[in-house]
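Structure record follows, encoded as structure tokens.
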Amino acid sequence: MARARISGKALISAFGAVALAVRLNPTEAATPSPPPTLVVKNQAFEPQTLTIPAGQQIKILVRNEDALPAELESSDLNREKVIPGGTALPVYIGPLSPGRYQFFNDFHPSSTGTIVVVQPKG
Amino acid sequence: MLATGVIVFREVLEAALIVSIVMAAAKGVAGRGRWVSYGILLGIAGACLVAAFAGAIAQAVQGRGQELLNAAILLLAVAMLGWHNVWMSQHGKALARRMKTIGHDVAVGDRPLSVLLVVVTMAVLREGSEVVLFGYGIYASGAQSMSMLIGALGGLGVGVATGVLLYKGLLRIPTRHLFAVTGWMILLLAAGMAADAAGLLSQAGVLPAIREGVWNSAWLLNEQSLLGRLLHILVGYTQRPSALQILFYVATLATIASLMGAVKRPRHRPASLEGARP
């Protein structure tokens, strides 16, 4: 019985250690630079050109600062996502080969932009 | 006004084409008009709901809610379209024969019709929610609302008219060939939807694209052109597909086609079901 109780205690403290490690990890992981961000403002993309590295999946944050919804669309990137007014949403793209990829706002097709994919250095 | 009309037309077109293919595929089935109408109404109601909660849906699951919802809707429609095709390869011939002999629509029970209702509801819901969101944007912007509203209604009208045109065209096909044609159309429609779902799951970062841009056929047919958009809807044309999308496309085609083949091959089927064969 005593043995069982001790091993139970050990189990609990082990769980505690794991829980602590899990809780600590995100703060350590959060230090890398924020994701590349595209802003929709006054029905236009900012910046007009976003440069990202080739050969890997990239998370881009699209923040719509207008009240109107926007739809990020691109046949080059094979992507389509509605960004309601006042929200910031992630869009995962790639892995892509180096080149220029056009995108536009399907709800306001004259608003366009380009993603430039370059070979990472090193 | 024209720009608004074009945007609304593009969104409406997909739902309109799917509804007309489904309507044609159910030719001769009693009550199909009623069920498809219910599907459209449910879809519109659902579209308003999705648009009203667009912000909350989009923010859900770390900003992946929209993709996950749309992918689920697409895959549900794929399953229903597949089920319909399998059902038709089992009962289609008998259905066409009975239509010919009794000379009017045949009652087949609720199940095949409820499957079509789900497909129609999902198509209208998915495309409709974007129209509602866009329309709300026009309303909220205030300026030029009237001319943009006219444009939007025009786009809606042209989209619906295109669907009606496809439906009328399909009905000109003699009944004994019609189900073969709609069967192929539904098979390709389902495969294209599965590929779209795969694209959305990659966009959400849920599944790896494996490789983006396995080919680039933009020089041959731009996906943004009218023909490109039509083919995207009907057969899933994508100018730069990812490897995952191709995988989903081929797997869907193969699965539905082999299930259709499996039920078609008679295995000790009671003779009374099929009737006399020539």
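Each chain in the structure tokens gets a letter, A, B and so on, in the order shown; residues start at 1 in every chain, and ligands are counted from 1 in the order they appear.
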inquiry  = With only C-alpha atoms considered, list every residue of chain A at most 10 Å from chain B, as a VMD selection string.
reply    = chain A and resid 55 to 59 61 67 to 71 74 to 97 106 to 110
task = Extract, using only C-alpha atoms, all DNA, RNA and protein residues at most 8 Å from region 166-172 of chain B, discarding same-chain residues fewer than 3 positions from it, and format them as an NGL selection string.
result = :B and (17 or 20-21 or 23-24 or 162-163 or 175 or 178)
Selection: 10 Å around Asp110 (chain B), only C-alpha atoms, excl. self and same-chain fewer than 2 positions, as a compact mmCIF listing (two decimals) with C-alpha atoms, in the first residue's frame:
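result16.txt, written as the output of this step:
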# COMPACT_ATOMS: atom_id res chain seq x y z
CA GLY B 31 -40.25 15.68 -56.00
CA ARG B 32 -36.73 16.71 -57.07
CA TRP B 35 -36.10 19.08 -52.56
CA ALA B 107 -40.96 7.93 -56.85
CA VAL B 108 -37.66 6.67 -55.41
CA PRO B 112 -31.52 9.84 -52.82
CA LEU B 113 -33.33 13.18 -52.70
CA SER B 114 -32.01 14.13 -49.27
CA VAL B 115 -28.49 13.50 -50.57
Distance query Asn105 (chain A) at most 6 Å, only C-alpha atoms, self and fewer than 6 positions along chain excluded, as a PyMOL selection string = chain A and resi 71-73+111
Put those residues in a file: N, CA and C atoms, as a PDB file, in the first residue's frame.
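And here is the file that came out, selection38.pdb:
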ATOM      1  N   GLU A  71     -10.931  39.807 -49.642  1.00  0.00           N
ATOM      2  CA  GLU A  71     -10.649  38.400 -49.936  1.00  0.00           C
ATOM      3  C   GLU A  71      -9.305  38.292 -50.624  1.00  0.00           C
ATOM      4  N   LEU A  72      -8.333  37.790 -49.884  1.00  0.00           N
ATOM      5  CA  LEU A  72      -7.006  37.584 -50.462  1.00  0.00           C
ATOM      6  C   LEU A  72      -7.105  36.409 -51.422  1.00  0.00           C
ATOM      7  N   GLU A  73      -6.773  36.643 -52.690  1.00  0.00           N
ATOM      8  CA  GLU A  73      -6.864  35.552 -53.664  1.00  0.00           C
ATOM      9  C   GLU A  73      -5.646  35.564 -54.569  1.00  0.00           C
ATOM     10  N   SER A 111      -6.935  46.075 -56.305  1.00  0.00           N
ATOM     11  CA  SER A 111      -5.885  46.031 -55.272  1.00  0.00           C
ATOM     12  C   SER A 111      -5.060  44.767 -55.466  1.00  0.00           C
TER      13      SER A 111
END
ask   = In Å, how far is it from CA of Ala191 (chain B) to CA of Tyr237 (chain B)?
value = 10.3 Å
request  = Return the single residue from A:Asp66, A:Thr114, A:Val39, A:Lys121 that is closest to Thr51 (chain A), with distances computed using only C-alpha atoms.
outcome  = A:Thr114
Could you pull out the strand (DSSP E or B) residues of region 18-102 of chain A, going by DSSP on the backbone, and write them as a compact mmCIF listing (two decimals) with C-alpha atoms, in the first residue's frame?
# COMPACT_ATOMS: atom_id res chain seq x y z
CA THR A 37 2.55 40.65 -42.27
CA LEU A 38 0.36 42.04 -45.02
CA VAL A 39 -1.93 44.92 -44.08
CA VAL A 40 -5.12 45.83 -45.94
CA LYS A 41 -5.73 49.54 -45.47
CA ALA A 44 -4.88 48.51 -50.67
CA PHE A 45 -2.16 46.08 -49.63
CA GLU A 46 0.75 47.25 -47.52
CA THR A 49 5.86 43.47 -52.13
CA LEU A 50 6.60 40.88 -49.48
CA THR A 51 9.81 38.83 -49.66
CA ILE A 52 9.90 35.31 -48.21
CA PRO A 53 12.40 32.42 -48.41
CA ILE A 58 5.63 30.16 -44.46
CA LYS A 59 2.91 31.62 -42.26
CA ILE A 60 1.85 35.07 -43.39
CA LEU A 61 -0.37 37.23 -41.21
CA VAL A 62 -2.98 39.24 -43.13
CA ARG A 63 -4.42 42.11 -41.11
CA ASN A 64 -7.46 43.91 -42.49
CA ALA A 70 -11.36 41.65 -48.12
CA GLU A 71 -10.65 38.40 -49.94
CA LEU A 72 -7.01 37.58 -50.46
CA GLU A 73 -6.86 35.55 -53.66
CA SER A 74 -4.06 34.25 -55.84
CA ARG A 79 -4.78 30.60 -52.11
CA GLU A 80 -8.14 32.20 -51.29
CA LYS A 81 -9.21 33.57 -47.91
CA VAL A 82 -11.79 36.06 -46.71
CA ILE A 83 -10.38 38.50 -44.13
CA ALA A 88 -5.85 39.46 -38.60
CA LEU A 89 -5.68 35.92 -39.94
CA PRO A 90 -2.84 33.55 -40.82
CA VAL A 91 -2.38 32.15 -44.33
CA TYR A 92 0.11 29.34 -44.84
CA ILE A 93 1.87 29.29 -48.21
CA GLY A 99 9.95 33.71 -58.31
CA ARG A 100 7.27 36.38 -58.23
CA TYR A 101 3.74 35.47 -57.19
CA GLN A 102 0.83 37.88 -57.74
ask   = Any idea what the distance is between CA of Leu125 (chain B) and CA of Ala72 (chain B)?
value =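 The value is 12.3 Å.
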message = As an exercise, work out the distance from CA of Pro47 (chain A) to CA of Gly113 (chain A) in Å and give it to one decimal place.
response = 7.9 Å
request  = Measuring atom to atom with only C-alpha atoms, identify which of B:Gly183, B:Gly192, B:Gly261, B:Gly28 is nearest to Ala77 (chain B).
outcome  =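 Of B:Gly183, B:Gly192, B:Gly261, B:Gly28, the one nearest Ala77 (chain B), counting only C-alpha atoms, is B:Gly192.
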request  = Step one, run DSSP on the backbone; step two, keep only residues of region 76-275 of chain B assigned to alpha helix (DSSP H); then write them as a ChimeraX atom specification.
outcome  = /B:76-102,110-141,145-171,175-203,226-235,243-264,271-274
ask   = Do you know which residues are at most 9 Å from Glu127 (chain B) counting only C-alpha atoms, after dropping those on the same chain fewer than 2 positions away, and could you put them as a ChimeraX atom specification?
value = /B:11-15,47,122-125,129-132
